[in-house]
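*Asks:* One structure is given below, represented as structure tokens, and several questions about it will come after.
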Amino acid sequence: MHFNPAPMHLPDGFLSTLVSLGLWAVSIVAVGFSLRRVGRELNQRQVPLMGVLAAAVFAGQMINFAVAGGTSGHLLGAALATILVGPWAAVVVMTTVVSIQALVFQDGGLLALGANLFNMAIIGTSVAYFVYTSIRKLAGEKSWGLFLGGVAAAWASIVAAALACALELAVSGTSPANIAVPAMGGIHMLIGAGEALITFGALAFLYAARRDLFRRDSKAASPGAPVYLFGLGVALLLAVLSPIASTHPDGLEWVAEQKGFIEAARAPVYRLIPDYIFPGISNEALATVVAGIVGTLLVLAAAMGVAYLQRTKAETS
Amino acid sequence: MHHSIDVRHLSFSYPDGHPALEDVSFRIAPGEKVALVGPNGAGKSTLLLHLNGILSGQGELIICGHTLSEATLGPIRAAVGMVFQDPDDQLFSPTVLEDVAFGPIYMGLSESQIRLRVTTALGSVGMSGQESRVSHHLSNGEKKRVAIASVLAMQPEVLVLDEPTAGLDPRGRRNLIRLLRDLPQTMLVSSHDLQMVAELLPRTILLDRGRVFADGSTAALLADPDLLEAHGLEAL
Amino acid sequence: MHVHYLDPHRSLESPVHALDGRVKFILTVAFILTASLTPYAAWPVYILLLATIMSVEILSRLGIGYVQRRASLALPFVLAALPLVFSLEGTNLFTMRLGSWTATASLEGLEHFFSVGLKSWLSIQAGIVLTSSTSFPDLLQAMRAVRLPRLLVAMFGLMWRYLFVLADEAVRLIRARAARSGRPAPSAGGAGPRPMPRLAWRAAVAGGMAGNLFLRAFDRSDRIYGAMLSRGYDGEVRSLPNSPLSLSGWLSLAGGLALLAFLLGLGALFGS
């Protein structure tokens with residue numbers, strides 16, 4: 001029994017061996033690099049801090065809140081960890097969390113662990129760092145930067161991780177891209193909202209209790225620069241690849257038009273969208289992404305509608 | 001012959017300016033068993049953290065012949081066995097063996113020496129054979145004993161304990177008192193448990209608001225209910 | 001009030017439990033790799049792999065039922081691969097009509113889907129057997145043996161150790177919230193039960209609890225650091241050296257790897 005039903009921990013068997021091992025290689029390099037960076041800036045107290053924080057992230061994932069009907073929102077924690085201990089330590093923390101989840105609780109496969117680490121511990125934290133740092137820079141000294149940055153970073157980290165996951169499934173040939181990308185992207189835009197809300201609550205609590213945790217260290221050369229750039233790069237890459245992938249059912253390597261279900265699914269949505277928006281991105285791609293977003297909004301609206309109905313029913317009974 | 005603990009005019013304030021200790025001085029001779037009592041917030045835990053250099057304030061500390069400084073932290077931490085209030089803070093390794101071996105490992109001993117120290121230390125606290133047990137499966141009393149063992153394995157000259165009987169049920173408490181009675185080391189024990197103090201520790205230092213208000217025979221202190229009440233304590 | 005059920009280790013007497021953790025760890029990874037490399041639709045190999053893992057389940061006295069119960073929690077994810085049935089081109093099997101949508105299932109798609117499901121199922125079972133029959137400290141030792149970075153293994157150890165402590169605290173926070181979530185029953189002529197508080201408020205409460213946990217983590221790590229310093233911690237991660245692997249351990253390792261290599265070869269024969 002485990003407390004993290006987030007549909008982002010891939011079990012074994014879903015990714016091709018090639019993709020799994022490739023992502024293992026990437027993750028080993030990235031995590032190794034982070035360990036060395038943490039080791040260098042150590043501050044001896046980082047060791048117990050990272051370990052216990054990993055436990056806190058895991059325990060934090062047990063805390064949920066009712067959204068609507070039977071669903072509940074809860075935390076992944078990559079953004080919060082990044083904000084509290086910086087990007088390098090956050091990578092180590094999330095690596096620990098995701099690894100233990102896979103190893104001890106079978107939440108995610110062992111072969112797929114490389115991919116899961118890449119999505120959640122590396123993409124999740126770097127995108128969070130990129131978004132958070134950017135917004136805080138914009139806000140300067142004002143405190144709203146912390147909260148808006150945290151909320152945006154939390155949402156972005158979930159969506160980015162989910163999109164990467166979907167693309168990996170597509171490249172592996174397990175799930176057609178034009179279903180996986182909008183589906184996982186759409187669902188996680190909703191889940192990301194939950195993450196953003198909880199992160200906001202946590203930041204508010206911590207800001208009130210221990211403002212010193214958020215003191216900005218203005219060092220000459222930002223030690224997180226590589227992470228920032230990586231996060232920026234990943235965000236751009238996903239923003240470009242996802243709409244394109246959404247039109248290709250068999251992955252990114254070739255265009256194959258599939259009769260039947262796929263074509264039929266695209267057609268009705270296609271008619272709703274005007275003829276061109278962006279040069280270079282096909283209309284169909286845009287349509288599929290929009291479909292994903294619209295679908296998400298519909299689900300959100302339905303959930304809120306149900307919650308509203310429940311409330312008014314309670315009021316009038 | 002040196003004193004085990006020689007504190008001279010120790011003062012300390014927290015980063016936010018709040019003064020925690022003011023001009024604290026006392027000496028503890030080898031073999032003495034001393035209690036540190038006082039109300040909550042008196043600064044007892046803060047004082048204890050100075051004895052092995054985790055906190056550093058103004059004044060001079062000479063521990064087991066070493067004057068406390070950056071350079072002497074190593075030998076001092078080997079000589080002072082600090083047992084904290086919450087054993088969960090102290091048992092941070094996956095198994096009992098690894099926790100008790102931690103100190104000897106960092107002292108640079110050989111593997112056989114380390115294993116011998118572990119066996120001996122666990123024997124002293126009545127936890128022989130429990131090496132492979134996992135920390136979160138231990139009862140509170142067992143955890144406290146392993147915490148003491150983890151410190152005994154370093155063969156310290158002085159034992160400093162912060163609230164050792166807190167959170168123990170009567171049987172656990174009785175076992176712990178028996179254990180402390182049998183240990184030969186010099187001892188400084190911070191506690192609210194005046195009954196244990198009366199049984200075990202012939203000398204008492206009374207700390208309140210960061211200052212020493214009394215330092216002498218336990219019996220004399222416990223016979224002075226006005227003094228006790230003035231400092232938030234109750235007579236037995 | 002300990003969240004002990006989070007610890008999957010079941011202490012039993014069996015040849016599998018007695019086997020060195022390092023051997024089990026390596027064999028588990030090798031097994032999962034073998035399942036992953038087995039080509040789609042190589043059914044005889046999948047059956048042999050299934051037979052292997054189920055024999056181990058019986059041998060370990062955990063029992064097939066126990067393992068399957070735990071595996072069933074992780075398997076619904078397999079449904080995510082369902083679109084494969086309809087998206088792969090090949091021999092058409094049947095067609096479904098849903099309103100204006102037509103879905104054509106192909107044989108290849110069905111084979112693909114079942115293969116993915118089998119790979120997942122096999123891997124999950126292997127993971128369950130490993131963690132149920134091996135204590136976590138032994139798993140850590142195995143990780144050290146395969147040369148995982150010492151800092152990372154130390155992280156795993158700390159997280160696992162404090163997992164239970166913090167999960168306890170989280171449960172207490174959840175119970176405290178539940179205890180304060182009472183809603184009075186509707187009174188005779190009264191206004192009825194109060195509506196559920198707003199979503200934003202609920203999220204803020206949950207966030208506050210998470211923040212509380214994180215704060216406790218910070219404070220606790222400070223105290224742990226003090227305890228580590230008191231016992232001579234100097235920033236480097238050190239541990240006792242591993243004992244050498246016994247002969248029977250080596251033999252078990254070799255035997256297991258040989259079996260898996262054979263199954264892998266068999267899979268290559270069926271390769272599609």
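Letters A, B, ... mark the chains of the structure tokens in the order given; residue numbers begin at 1 per chain; ligand numbers begin at 1, in order shown.
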For Thr38 of chain C, find every residue with an atom within 12 Å (counting only C-alpha atoms), except residues of its own chain fewer than 3 positions away, and show them as a ChimeraX atom specification.

*Replies:* /A:13,16-17 /C:31-35,41-49,112,115-116,118-119,122,260-272

*Asks:* With C-alpha atoms retained, export the selected residues as an mmCIF file, in the first residue's frame.

*Replies:*
data_model
loop_
_atom_site.group_PDB
_atom_site.id
_atom_site.type_symbol
_atom_site.label_atom_id
_atom_site.label_comp_id
_atom_site.auth_asym_id
_atom_site.auth_seq_id
_atom_site.Cartn_x
_atom_site.Cartn_y
_atom_site.Cartn_z
ATOM 1 C CA GLY A 13 7.543 -2.675 -19.581
ATOM 2 C CA SER A 16 11.477 0.290 -24.798
ATOM 3 C CA THR A 17 14.723 -1.050 -23.395
ATOM 4 C CA PHE C 31 15.292 -10.419 -14.270
ATOM 5 C CA ILE C 32 13.608 -7.109 -15.022
ATOM 6 C CA LEU C 33 16.111 -6.454 -17.785
ATOM 7 C CA THR C 34 15.424 -9.886 -19.259
ATOM 8 C CA ALA C 35 11.685 -9.294 -19.208
ATOM 9 C CA ALA C 41 4.660 -12.000 -28.472
ATOM 10 C CA ALA C 42 7.457 -14.378 -27.456
ATOM 11 C CA TRP C 43 4.874 -16.189 -25.349
ATOM 12 C CA PRO C 44 6.916 -19.279 -24.352
ATOM 13 C CA VAL C 45 9.595 -17.068 -22.838
ATOM 14 C CA TYR C 46 7.055 -15.005 -20.917
ATOM 15 C CA ILE C 47 5.546 -18.187 -19.559
ATOM 16 C CA LEU C 48 8.957 -19.438 -18.448
ATOM 17 C CA LEU C 49 9.703 -16.089 -16.805
ATOM 18 C CA HIS C 112 1.819 -5.628 -28.119
ATOM 19 C CA SER C 115 3.356 -8.135 -23.914
ATOM 20 C CA VAL C 116 3.593 -4.756 -22.228
ATOM 21 C CA LEU C 118 3.303 -9.113 -18.967
ATOM 22 C CA LYS C 119 6.567 -7.188 -18.777
ATOM 23 C CA LEU C 122 6.763 -9.716 -14.148
ATOM 24 C CA LEU C 260 18.246 -15.512 -17.305
ATOM 25 C CA ALA C 261 20.823 -15.537 -20.089
ATOM 26 C CA PHE C 262 19.243 -18.758 -21.374
ATOM 27 C CA LEU C 263 15.773 -17.202 -21.361
ATOM 28 C CA LEU C 264 17.149 -14.152 -23.118
ATOM 29 C CA GLY C 265 18.623 -16.369 -25.819
ATOM 30 C CA LEU C 266 15.329 -18.171 -26.137
ATOM 31 C CA GLY C 267 13.632 -14.845 -26.610
ATOM 32 C CA ALA C 268 16.033 -13.952 -29.389
ATOM 33 C CA LEU C 269 14.984 -17.135 -31.196
ATOM 34 C CA PHE C 270 11.385 -16.065 -31.092
ATOM 35 C CA GLY C 271 12.362 -12.550 -32.005
ATOM 36 C CA SER C 272 9.786 -10.631 -33.915
#

*Asks:* Any idea which chain A residues end up within 12 Å of chain B if we count only C-alpha atoms, as a CSV table (one decimal) with all heavy atoms, in the first residue's frame please?

*Replies:*
chain,number,residue,atom,x,y,z
A,47,VAL,N,23.8,17.0,4.4
A,47,VAL,CA,23.6,15.6,4.3
A,47,VAL,C,22.3,15.2,5.1
A,47,VAL,O,21.4,14.7,4.6
A,47,VAL,CB,24.8,14.8,4.8
A,47,VAL,CG1,24.4,13.3,5.0
A,47,VAL,CG2,25.9,14.9,3.8
A,48,PRO,N,22.3,15.5,6.5
A,48,PRO,CA,21.0,15.2,7.2
A,48,PRO,C,19.9,16.0,6.6
A,48,PRO,O,18.7,15.5,6.6
A,48,PRO,CB,21.4,15.5,8.6
A,48,PRO,CG,22.6,16.3,8.6
A,48,PRO,CD,23.3,16.0,7.4
A,49,LEU,N,20.1,17.2,6.2
A,49,LEU,CA,19.0,18.0,5.7
A,49,LEU,C,18.3,17.4,4.5
A,49,LEU,O,17.1,17.2,4.4
A,49,LEU,CB,19.4,19.4,5.4
A,49,LEU,CG,18.3,20.4,4.8
A,49,LEU,CD1,17.2,20.5,5.8
A,49,LEU,CD2,18.9,21.7,4.5
A,51,GLY,N,18.4,14.3,3.5
A,51,GLY,CA,17.8,13.0,3.8
A,51,GLY,C,16.5,13.1,4.4
A,51,GLY,O,15.5,12.5,4.0
A,52,VAL,N,16.4,14.0,5.4
A,52,VAL,CA,15.2,14.2,6.2
A,52,VAL,C,14.2,14.9,5.3
A,52,VAL,O,13.0,14.6,5.4
A,52,VAL,CB,15.4,15.0,7.5
A,52,VAL,CG1,14.1,15.1,8.3
A,52,VAL,CG2,16.4,14.2,8.3
A,212,ASP,N,13.6,33.3,7.4
A,212,ASP,CA,15.0,33.2,7.1
A,212,ASP,C,15.3,32.1,6.1
A,212,ASP,O,16.3,32.1,5.5
A,212,ASP,CB,15.8,32.9,8.4
A,212,ASP,CG,15.3,31.6,9.0
A,212,ASP,OD1,14.2,31.6,9.5
A,212,ASP,OD2,16.1,30.7,9.1

*Asks:* Rounded to one decimal place, report the atom CA of Ser106 of chain C-atom CA of Leu79 of chain C distance in Å.

*Replies:*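 These two atoms are separated by 16.8 Å.
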
*Asks:* Could you name the residues that touch segment 162-172 of chain A at 6 Å or less, counting only C-alpha atoms, but leaving out those on the same chain fewer than 6 positions away, as a list in words?

*Replies:*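 Selected residues are Leu15, Ser16, Ala180, Val181, Met184, Gly185 and Gly251 of chain A.
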
*Asks:* Emit the selected residues as an mmCIF file, in the first residue's frame, including N, CA and C atoms.

*Replies:*
data_model
loop_
_atom_site.group_PDB
_atom_site.id
_atom_site.type_symbol
_atom_site.label_atom_id
_atom_site.label_comp_id
_atom_site.auth_asym_id
_atom_site.auth_seq_id
_atom_site.Cartn_x
_atom_site.Cartn_y
_atom_site.Cartn_z
ATOM 1 N N LEU A 15 8.365 1.411 -21.402
ATOM 2 C CA LEU A 15 9.333 2.060 -22.272
ATOM 3 C C LEU A 15 10.199 0.993 -22.914
ATOM 4 N N SER A 16 10.591 1.249 -24.140
ATOM 5 C CA SER A 16 11.477 0.290 -24.798
ATOM 6 C C SER A 16 12.794 0.240 -24.027
ATOM 7 N N ALA A 180 -1.152 10.178 -26.089
ATOM 8 C CA ALA A 180 -0.412 10.301 -24.835
ATOM 9 C C ALA A 180 -0.167 11.757 -24.465
ATOM 10 N N VAL A 181 0.296 12.540 -25.448
ATOM 11 C CA VAL A 181 0.703 13.907 -25.107
ATOM 12 C C VAL A 181 -0.483 14.760 -24.627
ATOM 13 N N MET A 184 -1.902 13.010 -21.178
ATOM 14 C CA MET A 184 -1.090 13.221 -19.979
ATOM 15 C C MET A 184 -0.905 14.709 -19.711
ATOM 16 N N GLY A 185 -0.705 15.466 -20.788
ATOM 17 C CA GLY A 185 -0.540 16.900 -20.600
ATOM 18 C C GLY A 185 -1.785 17.504 -19.983
ATOM 19 N N GLY A 251 4.794 7.961 -32.885
ATOM 20 C CA GLY A 251 6.057 8.468 -32.371
ATOM 21 C C GLY A 251 6.587 9.567 -33.259
#

*Asks:* Segment 128-141 of chain C: which residues within 7 Å, counting only C-alpha atoms, same-chain residues fewer than 5 positions away excluded, as a list in words?

*Replies:* Val104 and Gln106 of chain A; Pro94 and Thr95 of chain B; Pro8, His9, Arg10, Ser11, Val16, His17, Gly21, Lys24, Phe25, Thr28, Glu57, Val67 and Val153 of chain C

*Asks:* Output N, CA and C atoms for every residue in that selection, as a PDB file, in the first residue's frame.

*Replies:*
ATOM      1  N   VAL A 104      11.221   0.399  -2.887  1.00  0.00           N
ATOM      2  CA  VAL A 104      10.550  -0.180  -1.734  1.00  0.00           C
ATOM      3  C   VAL A 104       9.056  -0.384  -1.966  1.00  0.00           C
ATOM      4  N   GLN A 106       7.405  -0.241  -5.095  1.00  0.00           N
ATOM      5  CA  GLN A 106       7.034  -0.573  -6.477  1.00  0.00           C
ATOM      6  C   GLN A 106       6.198   0.526  -7.132  1.00  0.00           C
TER       7      GLN A 106
ATOM      8  N   PRO B  94      20.310   3.141   9.704  1.00  0.00           N
ATOM      9  CA  PRO B  94      19.271   2.120   9.517  1.00  0.00           C
ATOM     10  C   PRO B  94      19.284   1.040  10.598  1.00  0.00           C
ATOM     11  N   THR B  95      20.474   0.639  11.081  1.00  0.00           N
ATOM     12  CA  THR B  95      20.489  -0.430  12.081  1.00  0.00           C
ATOM     13  C   THR B  95      21.196   0.015  13.355  1.00  0.00           C
TER      14      THR B  95
ATOM     15  N   PRO C   8       7.771  -2.927   3.790  1.00  0.00           N
ATOM     16  CA  PRO C   8       7.297  -4.135   3.109  1.00  0.00           C
ATOM     17  C   PRO C   8       8.009  -5.414   3.539  1.00  0.00           C
ATOM     18  N   HIS C   9       9.044  -5.288   4.330  1.00  0.00           N
ATOM     19  CA  HIS C   9       9.853  -6.460   4.662  1.00  0.00           C
ATOM     20  C   HIS C   9       9.075  -7.425   5.539  1.00  0.00           C
ATOM     21  N   ARG C  10       8.998  -8.688   5.101  1.00  0.00           N
ATOM     22  CA  ARG C  10       8.339  -9.716   5.899  1.00  0.00           C
ATOM     23  C   ARG C  10       9.406 -10.706   6.329  1.00  0.00           C
ATOM     24  N   SER C  11       9.622 -10.761   7.608  1.00  0.00           N
ATOM     25  CA  SER C  11      10.708 -11.605   8.104  1.00  0.00           C
ATOM     26  C   SER C  11      10.261 -13.057   8.205  1.00  0.00           C
ATOM     27  N   VAL C  16      15.110 -18.067   0.191  1.00  0.00           N
ATOM     28  CA  VAL C  16      15.200 -16.777  -0.494  1.00  0.00           C
ATOM     29  C   VAL C  16      15.578 -15.685   0.507  1.00  0.00           C
ATOM     30  N   HIS C  17      14.956 -15.744   1.688  1.00  0.00           N
ATOM     31  CA  HIS C  17      15.287 -14.743   2.700  1.00  0.00           C
ATOM     32  C   HIS C  17      16.740 -14.849   3.110  1.00  0.00           C
ATOM     33  N   GLY C  21      21.666 -10.348   0.249  1.00  0.00           N
ATOM     34  CA  GLY C  21      20.928  -9.246  -0.364  1.00  0.00           C
ATOM     35  C   GLY C  21      21.539  -8.774  -1.665  1.00  0.00           C
ATOM     36  N   LYS C  24      20.398 -11.085  -4.434  1.00  0.00           N
ATOM     37  CA  LYS C  24      18.990 -10.864  -4.777  1.00  0.00           C
ATOM     38  C   LYS C  24      18.812  -9.583  -5.575  1.00  0.00           C
ATOM     39  N   PHE C  25      19.520  -8.544  -5.165  1.00  0.00           N
ATOM     40  CA  PHE C  25      19.396  -7.260  -5.838  1.00  0.00           C
ATOM     41  C   PHE C  25      19.814  -7.379  -7.296  1.00  0.00           C
ATOM     42  N   THR C  28      17.410  -9.500  -9.298  1.00  0.00           N
ATOM     43  CA  THR C  28      16.146  -8.806  -9.578  1.00  0.00           C
ATOM     44  C   THR C  28      16.307  -7.868 -10.761  1.00  0.00           C
ATOM     45  N   GLU C  57       8.423 -17.082  -5.605  1.00  0.00           N
ATOM     46  CA  GLU C  57       7.428 -16.637  -4.629  1.00  0.00           C
ATOM     47  C   GLU C  57       7.043 -17.764  -3.680  1.00  0.00           C
ATOM     48  N   VAL C  67       1.876 -11.877  -3.024  1.00  0.00           N
ATOM     49  CA  VAL C  67       2.568 -11.069  -4.025  1.00  0.00           C
ATOM     50  C   VAL C  67       1.569 -10.474  -5.014  1.00  0.00           C
ATOM     51  N   VAL C 153      23.698   6.678  -1.225  1.00  0.00           N
ATOM     52  CA  VAL C 153      23.256   5.577  -0.358  1.00  0.00           C
ATOM     53  C   VAL C 153      22.945   6.123   1.037  1.00  0.00           C
TER      54      VAL C 153
END

*Asks:* When you count only C-alpha atoms, which of these residues is closest to chain B: C:Leu62, C:Met228, C:Trp250, C:Gly256?

*Replies:*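 Of C:Leu62, C:Met228, C:Trp250, C:Gly256, the one nearest chain B, counting only C-alpha atoms, is C:Met228.
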
*Asks:* Would you return as a ChimeraX atom specification the members of segment 46-270 of chain C that DSSP assigns to helix (DSSP H, G or I) on this structure's backbone?

*Replies:* /C:46-59,64-81,83-87,107-133,136-145,150-179,199-230,247-270

*Asks:* Which residue out of A:Ala208, A:Ile122, A:Val159, A:Ala235 has the minimum interatomic distance to chain C when only C-alpha atoms are used?

*Replies:*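 Smallest separation from chain C among the options: A:Ala208.
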
*Asks:* Between A:Ile28, A:Ile198, A:Ala156, A:Ala90, which one has atoms that come closest to Gln61 of chain A, using only C-alpha atoms?

*Replies:*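 Of all the options, A:Ile198 lies closest to Gln61 of chain A.
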
*Asks:* Considering only C-alpha atoms, can you say which of A:Thr95, A:Met120, A:Gly108, A:Ala102 comes closest to Phe77 of chain C?

*Replies:* A:Gly108

*Asks:* Could you check the closest approach to Ile100 of chain A for each of C:Ala200, C:Ala145, C:Met155, C:Leu107 and tell me which residue wins, using only C-alpha atoms?

*Replies:*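 Closest residue, counting only C-alpha atoms: C:Met155.
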